[in-house]
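Asker: So here's model21.cif (mmCIF, C-alpha atoms and all ligand atoms).
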data_protein
#
loop_
_atom_site.label_atom_id
_atom_site.label_comp_id
_atom_site.auth_asym_id
_atom_site.auth_seq_id
_atom_site.Cartn_x
_atom_site.Cartn_y
_atom_site.Cartn_z
CA MET A 1 4.38 -25.78 -2.27
CA ARG A 2 1.30 -24.52 -0.51
CA VAL A 3 -0.40 -25.30 2.75
CA LYS A 4 -3.93 -24.30 3.70
CA LEU A 5 -4.19 -22.28 6.92
CA THR A 6 -7.32 -20.87 8.53
CA GLN A 7 -7.16 -17.51 6.77
CA LEU A 8 -4.97 -18.16 3.74
CA SER A 9 -3.10 -20.58 1.60
CA MET A 10 0.61 -20.13 2.43
CA ALA A 11 3.39 -20.70 -0.11
CA HIS A 12 6.64 -22.12 1.21
CA ASP A 13 9.81 -24.07 0.46
CA ASP A 14 11.05 -26.98 2.54
CA MET A 15 14.58 -28.37 2.09
CA GLY A 16 16.80 -30.67 4.13
CA SER A 17 15.99 -32.90 7.05
CA ARG A 18 17.82 -31.81 10.20
CA ALA A 19 16.73 -29.38 12.95
CA PRO A 20 14.23 -26.87 11.54
CA VAL A 21 14.98 -23.24 10.71
CA LEU A 22 12.09 -20.97 9.72
CA PHE A 23 13.09 -18.13 7.38
CA ILE A 24 10.88 -15.02 7.36
CA HIS A 25 11.45 -12.44 4.64
CA GLY A 26 11.41 -8.63 4.79
CA TYR A 27 8.92 -6.12 3.36
CA PRO A 28 7.86 -6.10 0.55
CA LEU A 29 9.81 -9.19 -0.48
CA ASN A 30 9.12 -12.92 -0.43
CA ARG A 31 10.72 -16.28 0.34
CA ARG A 32 12.86 -16.18 -2.82
CA MET A 33 15.13 -13.75 -1.00
CA TRP A 34 16.49 -16.78 0.91
CA GLN A 35 17.66 -18.63 -2.22
CA PRO A 36 21.41 -18.43 -1.37
CA GLN A 37 20.63 -19.93 2.05
CA MET A 38 18.39 -22.67 0.62
CA ASP A 39 21.17 -23.57 -1.84
CA ASP A 40 23.87 -23.81 0.81
CA LEU A 41 22.58 -24.64 4.28
CA TRP A 42 20.36 -27.65 3.61
CA ASP A 43 23.04 -30.00 4.98
CA VAL A 44 22.93 -28.42 8.47
CA ALA A 45 19.20 -27.81 8.91
CA ARG A 46 15.70 -28.32 7.58
CA LEU A 47 15.10 -25.00 5.84
CA LEU A 48 11.52 -23.78 5.84
CA ALA A 49 10.93 -20.48 4.03
CA VAL A 50 7.45 -18.96 3.95
CA ASP A 51 5.73 -16.20 2.02
CA LEU A 52 3.93 -14.14 4.65
CA ARG A 53 0.28 -13.29 3.98
CA GLY A 54 0.02 -10.71 1.22
CA HIS A 55 3.50 -11.48 -0.14
CA GLY A 56 4.94 -13.67 -2.89
CA GLU A 57 2.67 -16.57 -3.78
CA SER A 58 0.69 -16.61 -0.54
CA GLU A 59 -2.85 -15.29 -0.53
CA ALA A 60 -3.57 -11.75 0.60
CA PRO A 61 -6.56 -11.78 2.96
CA PRO A 62 -8.12 -8.36 3.56
CA GLY A 63 -6.07 -6.05 5.80
CA PRO A 64 -5.10 -4.46 8.01
CA TYR A 65 -2.67 -7.11 9.25
CA SER A 66 -0.69 -7.12 12.49
CA MET A 67 2.69 -8.57 13.48
CA ASP A 68 0.80 -10.88 15.83
CA ALA A 69 -1.32 -12.22 12.96
CA LEU A 70 1.79 -12.77 10.84
CA ALA A 71 3.45 -14.61 13.73
CA ASP A 72 0.34 -16.72 14.31
CA ASP A 73 0.30 -17.67 10.60
CA CYS A 74 3.87 -18.97 11.07
CA ALA A 75 2.84 -20.99 14.13
CA GLU A 76 -0.10 -22.44 12.23
CA PHE A 77 2.21 -23.21 9.33
CA LEU A 78 4.59 -25.18 11.60
CA GLU A 79 1.63 -27.06 13.01
CA ALA A 80 0.40 -27.89 9.51
CA MET A 81 3.91 -29.07 8.55
CA ARG A 82 3.98 -31.24 11.71
CA VAL A 83 7.13 -29.50 12.97
CA ARG A 84 7.06 -30.45 16.63
CA GLN A 85 10.63 -29.81 17.73
CA PRO A 86 11.87 -26.31 18.62
CA VAL A 87 12.61 -24.19 15.60
CA VAL A 88 15.28 -21.56 14.96
CA VAL A 89 13.46 -18.50 13.67
CA CYS A 90 15.47 -16.35 11.24
CA GLY A 91 13.82 -13.08 10.25
CA LEU A 92 15.14 -10.22 8.17
CA SER A 93 13.93 -6.69 8.97
CA MET A 94 10.12 -7.05 9.02
CA GLY A 95 10.78 -10.78 9.32
CA GLY A 96 12.67 -9.91 12.51
CA TYR A 97 9.63 -8.02 13.83
CA VAL A 98 7.57 -11.15 13.09
CA ALA A 99 10.20 -13.31 14.84
CA MET A 100 9.91 -11.07 17.93
CA ALA A 101 6.12 -11.39 17.91
CA PHE A 102 6.52 -15.14 17.41
CA TYR A 103 8.80 -15.37 20.43
CA ARG A 104 6.35 -13.33 22.49
CA ARG A 105 3.39 -15.53 21.53
CA HIS A 106 4.85 -18.99 20.83
CA ARG A 107 7.94 -19.11 23.04
CA ALA A 108 7.79 -22.86 23.64
CA ARG A 109 8.27 -23.48 19.92
CA VAL A 110 11.52 -21.49 19.67
CA GLY A 111 14.96 -23.08 20.01
CA GLY A 112 17.00 -20.16 18.69
CA LEU A 113 16.67 -16.78 17.00
CA ILE A 114 18.48 -15.08 14.15
CA PHE A 115 17.75 -11.38 13.87
CA THR A 116 18.96 -9.97 10.56
CA ALA A 117 18.93 -6.29 9.61
CA THR A 118 16.21 -5.58 12.14
CA ARG A 119 15.42 -3.51 15.21
CA ALA A 120 13.53 -4.09 18.46
CA ALA A 121 12.04 -0.60 18.77
CA ALA A 122 8.59 0.38 17.54
CA ASP A 123 8.19 3.03 14.84
CA SER A 124 8.92 6.61 15.91
CA GLU A 125 6.27 9.26 15.28
CA ALA A 126 8.13 10.28 12.10
CA ALA A 127 8.30 6.65 10.93
CA ARG A 128 4.57 6.21 11.62
CA ALA A 129 3.82 9.30 9.55
CA ALA A 130 6.00 7.90 6.75
CA ARG A 131 3.96 4.66 6.82
CA ASN A 132 0.78 6.72 6.34
CA THR A 133 2.39 8.50 3.41
CA ALA A 134 3.40 5.12 1.97
CA ILE A 135 -0.21 3.91 2.24
CA VAL A 136 -1.36 6.90 0.17
CA THR A 137 1.51 6.39 -2.31
CA ALA A 138 0.61 2.73 -2.75
CA GLN A 139 -3.10 3.55 -3.17
CA THR A 140 -2.38 6.25 -5.74
CA HIS A 141 0.67 4.99 -7.64
CA GLY A 142 0.78 1.28 -6.88
CA VAL A 143 3.47 -1.10 -5.68
CA ALA A 144 5.93 0.18 -8.31
CA ALA A 145 6.13 3.53 -6.50
CA ILE A 146 6.90 1.74 -3.22
CA ALA A 147 9.63 -0.28 -4.93
CA GLU A 148 11.13 2.89 -6.48
CA SER A 149 11.23 4.62 -3.11
CA MET A 150 12.90 1.70 -1.34
CA LEU A 151 15.41 0.59 -3.95
CA PRO A 152 17.99 3.38 -3.44
CA LYS A 153 18.28 2.52 0.28
CA LEU A 154 18.38 -1.26 0.25
CA PHE A 155 21.98 -2.03 -0.68
CA ALA A 156 25.54 -1.10 0.20
CA PRO A 157 27.26 1.17 -2.35
CA ALA A 158 29.45 -1.76 -3.42
CA THR A 159 26.36 -3.79 -4.36
CA TYR A 160 24.96 -1.06 -6.62
CA ASP A 161 28.38 -0.81 -8.28
CA HIS A 162 29.23 -4.49 -8.67
CA ASN A 163 25.99 -6.44 -8.61
CA PRO A 164 23.31 -4.69 -10.71
CA ALA A 165 21.75 -8.09 -11.47
CA LEU A 166 20.94 -8.52 -7.77
CA VAL A 167 19.44 -5.02 -7.59
CA ALA A 168 17.23 -5.88 -10.59
CA ARG A 169 16.22 -9.21 -9.06
CA VAL A 170 15.16 -7.61 -5.80
CA LYS A 171 13.23 -4.93 -7.65
CA ALA A 172 11.35 -7.63 -9.57
CA MET A 173 10.62 -9.39 -6.27
CA MET A 174 9.11 -6.21 -4.82
CA LEU A 175 6.96 -5.74 -7.93
CA GLN A 176 5.47 -9.21 -7.39
CA THR A 177 3.95 -8.13 -4.07
CA ALA A 178 0.19 -7.68 -4.30
CA LEU A 179 -1.13 -4.17 -3.63
CA ALA A 180 -3.52 -5.72 -1.08
CA GLY A 181 -0.47 -7.18 0.69
CA VAL A 182 1.35 -3.84 0.83
CA LEU A 183 -1.77 -2.08 2.09
CA GLY A 184 -2.41 -4.85 4.60
CA VAL A 185 1.07 -4.90 6.05
CA LEU A 186 1.89 -1.17 6.26
CA PRO A 187 -0.43 -0.69 9.28
CA ALA A 188 1.20 -3.75 10.88
CA LEU A 189 4.63 -2.15 10.48
CA ARG A 190 3.34 1.21 11.73
CA ASP A 191 1.56 -0.16 14.80
CA ARG A 192 3.98 -2.89 15.88
CA ALA A 193 4.86 -3.20 19.55
CA ASP A 194 8.16 -2.12 21.06
CA SER A 195 10.08 -5.37 21.64
CA THR A 196 12.94 -3.71 23.54
CA PRO A 197 11.58 -4.72 27.00
CA MET A 198 11.46 -8.35 25.86
CA LEU A 199 15.13 -8.58 24.85
CA PRO A 200 16.55 -9.33 28.34
CA GLU A 201 13.97 -12.13 28.67
CA ILE A 202 15.13 -13.98 25.56
CA ALA A 203 16.24 -17.34 26.90
CA VAL A 204 17.40 -19.05 23.68
CA PRO A 205 20.70 -18.67 21.80
CA THR A 206 20.45 -15.71 19.47
CA LEU A 207 22.48 -14.51 16.51
CA VAL A 208 22.24 -10.87 15.46
CA ILE A 209 23.52 -10.32 11.89
CA HIS A 210 23.74 -6.89 10.33
CA GLY A 211 25.19 -5.30 7.22
CA GLU A 212 27.85 -2.76 8.07
CA ALA A 213 26.35 -0.28 5.57
CA ASP A 214 22.63 -0.79 6.32
CA ALA A 215 20.96 2.53 5.42
CA ILE A 216 17.49 1.45 6.62
CA VAL A 217 18.30 0.07 10.07
CA PRO A 218 21.51 1.58 11.49
CA LEU A 219 24.13 -0.85 12.79
CA ALA A 220 23.75 0.72 16.26
CA GLU A 221 20.31 -0.93 16.53
CA ALA A 222 21.89 -4.38 16.11
CA GLN A 223 24.63 -3.55 18.58
CA ALA A 224 21.99 -2.51 21.13
CA MET A 225 20.05 -5.73 20.59
CA HIS A 226 23.20 -7.78 20.98
CA ALA A 227 23.99 -5.99 24.25
CA ALA A 228 20.48 -6.50 25.65
CA ILE A 229 19.97 -10.20 24.82
CA PRO A 230 21.65 -12.47 27.42
CA ASN A 231 22.98 -15.23 25.15
CA ALA A 232 23.59 -13.42 21.88
CA ARG A 233 26.39 -13.20 19.37
CA LEU A 234 26.81 -10.47 16.78
CA ALA A 235 28.04 -10.86 13.20
CA ILE A 236 28.71 -7.67 11.24
CA VAL A 237 28.82 -8.27 7.50
CA PRO A 238 31.18 -5.95 5.61
CA GLN A 239 30.18 -4.48 2.24
CA ALA A 240 26.53 -5.26 2.87
CA GLY A 241 23.51 -3.03 3.33
CA HIS A 242 19.99 -4.03 4.36
CA LEU A 243 20.06 -7.43 2.58
CA PRO A 244 23.31 -9.05 3.80
CA ASN A 245 22.11 -12.58 3.01
CA LEU A 246 21.89 -11.61 -0.68
CA GLU A 247 24.75 -9.11 -0.88
CA GLN A 248 27.33 -11.26 0.91
CA PRO A 249 25.85 -14.76 0.92
CA ALA A 250 29.11 -16.60 1.70
CA ARG A 251 29.79 -14.48 4.80
CA PHE A 252 26.17 -14.59 5.89
CA ASN A 253 25.93 -18.36 5.45
CA ALA A 254 29.18 -18.94 7.33
CA ALA A 255 27.84 -16.99 10.32
CA VAL A 256 24.54 -18.91 10.28
CA ARG A 257 26.28 -22.27 9.84
CA ASP A 258 28.63 -21.54 12.77
CA PHE A 259 25.67 -20.55 14.92
CA LEU A 260 23.55 -23.58 14.01
CA GLU A 261 26.47 -25.88 14.75
CA THR A 262 26.64 -24.56 18.32
CA LEU A 263 22.99 -25.45 19.06
C1 LIG A 301 11.98 -4.41 5.68
O1 LIG A 301 13.02 -4.51 5.04
O2 LIG A 301 11.34 -5.40 6.05
C2 LIG A 301 11.46 -3.05 6.00
O3 LIG A 301 12.40 -2.10 5.62
C3 LIG A 301 11.14 -2.92 7.45
C4 LIG A 301 10.61 -1.57 7.82
O4 LIG A 301 10.20 -0.83 6.91
O5 LIG A 301 10.57 -1.26 9.01
#
Output the structure of this file as structure tokens.
Ligand code: MLT
Answerer:
Amino acid sequence: MRVKLTQLSMAHDDMGSRAPVLFIHGYPLNRRMWQPQMDDLWDVARLLAVDLRGHGESEAPPGPYSMDALADDCAEFLEAMRVRQPVVVCGLSMGGYVAMAFYRRHRARVGGLIFTATRAAADSEAARAARNTAIVTAQTHGVAAIAESMLPKLFAPATYDHNPALVARVKAMMLQTALAGVLGVLPALRDRADSTPMLPEIAVPTLVIHGEADAIVPLAEAQAMHAAIPNARLAIVPQAGHLPNLEQPARFNAAVRDFLETL
């Protein structure tokens, strides 16, 4: 399904009819990464999964983008879908950065937060330099080169060994991302604000979920977020890397279901 926003047409899925949960994917993925959640959690929530601008089947307006713009797209999307009640925002990695920007800018709309495989800190100088290198790589060699560079870091060793079909599926998902989307969003990742000072101000129930073997965002980042947010719980997913919702869907879904049932 698609909905027309001011700057783009946004692709999304919408399942179930209870309290709304907004799922925001990581970079450079799309809403299909939430399939195991859409299949399982529809009885406890209304599941809304979006393709951010420049990703999946959403349009890619000209860049550069910003986390604030991505968060504002989500707010406009909820408005267009007539979602008036507070929403639980569940973001993975970059989706978590968007969720933080969303909380900063649209706090009254948020009833809960789920931070998955993400961090509050801004990019370090080294990480910012790596984003600039990635921009040149994408311009010269395309999205395939970005996918090749990310693929070896995304999963836990057990996933590479036992679930090659998942690895192939995620690679295909990355290859579907438009070059304009990758080039639009890399500056947004590079220049995003430090959300660490906001963590103690988070006034809604929060679940932090992290793969034990995440090679992109170390587990210590999740533990620090959990410690800094007043009403937070932490779920560590064993035998999962950066995509715990896909690598260990049963464990991930159980943690989300438990959390949603407490709200
Ligand atoms: C993601 O999975 O969204 C990215 O790894 C986030 C990042 O590069 O900071």
Asker: For range 1-18 of chain A, list every protein, DNA or RNA residue within 6 Å, evaluated using only C-alpha atoms, and leave out those in the same chain fewer than 6 positions away; present the list as a list in words.
Answerer: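 Final neighbour list, sorted by chain and number: Trp42, Ala45, Arg46, Leu47, Leu48, Ala49, Val50, Asp51, Glu57, Ser58 and Glu59 of chain A.
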Asker: Within 6 Å of ligand LIG 301 (chain A), which residues show up when you count all atoms listed in the file? List them as a ChimeraX atom specification, please.
Answerer: /A:26-27,93-94
Asker: Neighbours of range 163-169 of chain A within 10 Å (all atoms listed in the file; same-chain residues fewer than 2 positions away dropped), as a list in words?
Answerer: Arg32, Met33, Leu151, Pro152, Leu154, Phe155, Pro157, Ala158, Thr159, Tyr160, Asp161, Lys171, Ala172, Met173, Met174, Leu175, Leu246 and Glu247 of chain A
Asker: CA of Ile202 in chain A and CA of Arg233 in chain A are how many Å apart?
Answerer: 12.9 Å
Asker: Between A:Asp123, A:Asp40, A:Glu76, A:Asp214, which one has atoms that come closest to Ile236 in chain A, using only C-alpha atoms?
Answerer: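 Ranked by minimum distance to Ile236 in chain A, first place goes to A:Asp214.
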Asker: Using all atoms listed in the file, which residues sit within 7 Å of range 129-146 of chain A once same-chain residues fewer than 4 positions away are excluded, as number ranges by chain?
Answerer: A: 125, 150, 175, 179, 183, 186, 190
Asker: I need the residue nearest Ala71 in chain A from this list: A:Ala188, A:Val182, A:Val256, A:Leu29. Use all atoms listed in the file for the distance.
Answerer: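 With all atoms listed in the file as the atom set, the closest residue is A:Ala188.
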Asker: For Gly181 in chain A, which residue out of A:Pro197, A:Pro61, A:Gly91, A:Pro36 is the nearest one, using all atoms listed in the file?
Answerer: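 That would be A:Pro61, the residue with the smallest distance to Gly181 in chain A.
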Asker: Restricting the calculation to only C-alpha atoms, which member of A:Ala180, A:Val98, A:Val204, A:Ala60 is positioned closest to Ala75 in chain A?
Answerer: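 Using only C-alpha atoms, Ala75 in chain A sits closest to A:Val98.
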Asker: Taking only C-alpha atoms into account, name the residue in A:Asn253, A:Asn245, A:Thr262, A:Thr177 that is nearest to Thr116 in chain A.
Answerer: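 Using only C-alpha atoms, Thr116 in chain A sits closest to A:Asn245.
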Asker: Write out as a short mmCIF file (atom, residue, chain, number, x, y, z; two decimals) with C-alpha atoms, keeping the file's coordinate frame which residues come within 7 Å of Ile229 in chain A when counting all atoms listed in the file, dropping same-chain ones fewer than 4 positions away.
Answerer:
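around.cif was written with the following content:
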data_model
loop_
_atom_site.label_atom_id
_atom_site.label_comp_id
_atom_site.auth_asym_id
_atom_site.auth_seq_id
_atom_site.Cartn_x
_atom_site.Cartn_y
_atom_site.Cartn_z
CA LEU A 199 15.13 -8.58 24.85
CA PRO A 200 16.55 -9.33 28.34
CA ILE A 202 15.13 -13.98 25.56
CA MET A 225 20.05 -5.73 20.59
#
Asker: Closest to Arg257 in chain A among A:Phe115, A:Gln239, A:Gln223, A:Leu41, using all atoms listed in the file?
Answerer: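 Ranking A:Phe115, A:Gln239, A:Gln223, A:Leu41 by distance to Arg257 in chain A, first place goes to A:Leu41.
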Asker: Please compute the CA of His210 in chain A-CA of Met100 in chain A distance, one decimal, in Å.
Answerer: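 If I compute the distance from CA of His210 in chain A to CA of Met100 in chain A, I get 16.3 Å.
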Asker: Pick out the residues sitting within 12 Å of Leu263 in chain A, and hand them over as an mmCIF file with C-alpha atoms, keeping the file's coordinate frame; count all atoms listed in the file, and ignore anything fewer than 6 positions along from it in its own chain.
Answerer:
data_model
loop_
_atom_site.group_PDB
_atom_site.id
_atom_site.type_symbol
_atom_site.label_atom_id
_atom_site.label_comp_id
_atom_site.auth_asym_id
_atom_site.auth_seq_id
_atom_site.Cartn_x
_atom_site.Cartn_y
_atom_site.Cartn_z
ATOM 1 C CA ALA A 19 16.730 -29.380 12.950
ATOM 2 C CA PRO A 20 14.230 -26.870 11.540
ATOM 3 C CA VAL A 21 14.980 -23.240 10.710
ATOM 4 C CA VAL A 44 22.930 -28.420 8.470
ATOM 5 C CA ALA A 45 19.200 -27.810 8.910
ATOM 6 C CA PRO A 86 11.870 -26.310 18.620
ATOM 7 C CA VAL A 87 12.610 -24.190 15.600
ATOM 8 C CA VAL A 88 15.280 -21.560 14.960
ATOM 9 C CA GLY A 111 14.960 -23.080 20.010
ATOM 10 C CA GLY A 112 17.000 -20.160 18.690
ATOM 11 C CA LEU A 113 16.670 -16.780 17.000
ATOM 12 C CA VAL A 204 17.400 -19.050 23.680
ATOM 13 C CA PRO A 205 20.700 -18.670 21.800
ATOM 14 C CA THR A 206 20.450 -15.710 19.470
ATOM 15 C CA LEU A 207 22.480 -14.510 16.510
ATOM 16 C CA ASN A 231 22.980 -15.230 25.150
ATOM 17 C CA VAL A 256 24.540 -18.910 10.280
ATOM 18 C CA ARG A 257 26.280 -22.270 9.840
#
Asker: Working from the structure I just supplied, which lacks atoms in range 34-61 of chain A, can you model N, CA and C atoms there and output them as a short mmCIF file (atom, residue, chain, number, x, y, z; two decimals), in the coordinates of the input?
Answerer:
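Contents of selection_36.cif, freshly written:
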data_model
loop_
_atom_site.label_atom_id
_atom_site.label_comp_id
_atom_site.auth_asym_id
_atom_site.auth_seq_id
_atom_site.Cartn_x
_atom_site.Cartn_y
_atom_site.Cartn_z
N TRP A 34 15.62 -15.85 0.16
CA TRP A 34 16.49 -16.78 0.91
C TRP A 34 17.15 -17.82 0.01
N GLN A 35 17.11 -17.61 -1.31
CA GLN A 35 17.66 -18.63 -2.22
C GLN A 35 19.11 -19.01 -1.90
N PRO A 36 20.01 -18.03 -1.64
CA PRO A 36 21.41 -18.43 -1.37
C PRO A 36 21.55 -19.25 -0.09
N GLN A 37 20.59 -19.13 0.82
CA GLN A 37 20.63 -19.93 2.05
C GLN A 37 20.04 -21.33 1.74
N MET A 38 18.99 -21.37 0.97
CA MET A 38 18.39 -22.67 0.62
C MET A 38 19.39 -23.51 -0.18
N ASP A 39 20.19 -22.84 -1.01
CA ASP A 39 21.17 -23.57 -1.84
C ASP A 39 22.31 -24.13 -1.01
N ASP A 40 22.62 -23.50 0.11
CA ASP A 40 23.87 -23.81 0.81
C ASP A 40 23.71 -24.50 2.15
N LEU A 41 22.63 -24.22 2.87
CA LEU A 41 22.58 -24.64 4.28
C LEU A 41 21.73 -25.89 4.53
N TRP A 42 21.26 -26.51 3.45
CA TRP A 42 20.36 -27.65 3.61
C TRP A 42 21.02 -28.83 4.31
N ASP A 43 22.38 -28.86 4.32
CA ASP A 43 23.04 -30.00 4.98
C ASP A 43 23.11 -29.84 6.49
N VAL A 44 22.87 -28.61 7.01
CA VAL A 44 22.93 -28.42 8.47
C VAL A 44 21.55 -28.26 9.11
N ALA A 45 20.51 -28.09 8.32
CA ALA A 45 19.20 -27.81 8.91
C ALA A 45 18.09 -28.17 7.92
N ARG A 46 16.88 -28.28 8.44
CA ARG A 46 15.70 -28.32 7.58
C ARG A 46 15.29 -26.88 7.36
N LEU A 47 15.32 -26.42 6.14
CA LEU A 47 15.10 -25.00 5.84
C LEU A 47 13.65 -24.82 5.39
N LEU A 48 12.90 -24.07 6.18
CA LEU A 48 11.52 -23.78 5.84
C LEU A 48 11.42 -22.28 5.57
N ALA A 49 11.06 -21.91 4.37
CA ALA A 49 10.93 -20.48 4.03
C ALA A 49 9.49 -20.21 3.61
N VAL A 50 8.87 -19.24 4.24
CA VAL A 50 7.45 -18.96 3.95
C VAL A 50 7.29 -17.62 3.22
N ASP A 51 6.21 -17.51 2.48
CA ASP A 51 5.73 -16.20 2.02
C ASP A 51 4.68 -15.75 3.02
N LEU A 52 4.92 -14.67 3.71
CA LEU A 52 3.93 -14.14 4.65
C LEU A 52 2.65 -13.77 3.90
N ARG A 53 1.55 -13.68 4.63
CA ARG A 53 0.28 -13.29 3.98
C ARG A 53 0.49 -11.97 3.20
N GLY A 54 -0.09 -11.93 2.02
CA GLY A 54 0.02 -10.71 1.22
C GLY A 54 1.31 -10.58 0.43
N HIS A 55 2.20 -11.56 0.54
CA HIS A 55 3.50 -11.48 -0.14
C HIS A 55 3.72 -12.72 -1.01
N GLY A 56 4.55 -12.55 -2.05
CA GLY A 56 4.94 -13.67 -2.89
C GLY A 56 3.72 -14.42 -3.41
N GLU A 57 3.75 -15.74 -3.25
CA GLU A 57 2.67 -16.57 -3.78
C GLU A 57 1.63 -16.94 -2.73
N SER A 58 1.73 -16.37 -1.54
CA SER A 58 0.69 -16.61 -0.54
C SER A 58 -0.52 -15.72 -0.85
N GLU A 59 -1.66 -16.11 -0.32
CA GLU A 59 -2.85 -15.29 -0.53
C GLU A 59 -2.76 -14.02 0.31
N ALA A 60 -3.52 -13.03 -0.11
CA ALA A 60 -3.57 -11.75 0.60
C ALA A 60 -4.97 -11.56 1.16
N PRO A 61 -5.24 -12.07 2.38
CA PRO A 61 -6.56 -11.78 2.96
C PRO A 61 -6.71 -10.29 3.21
#
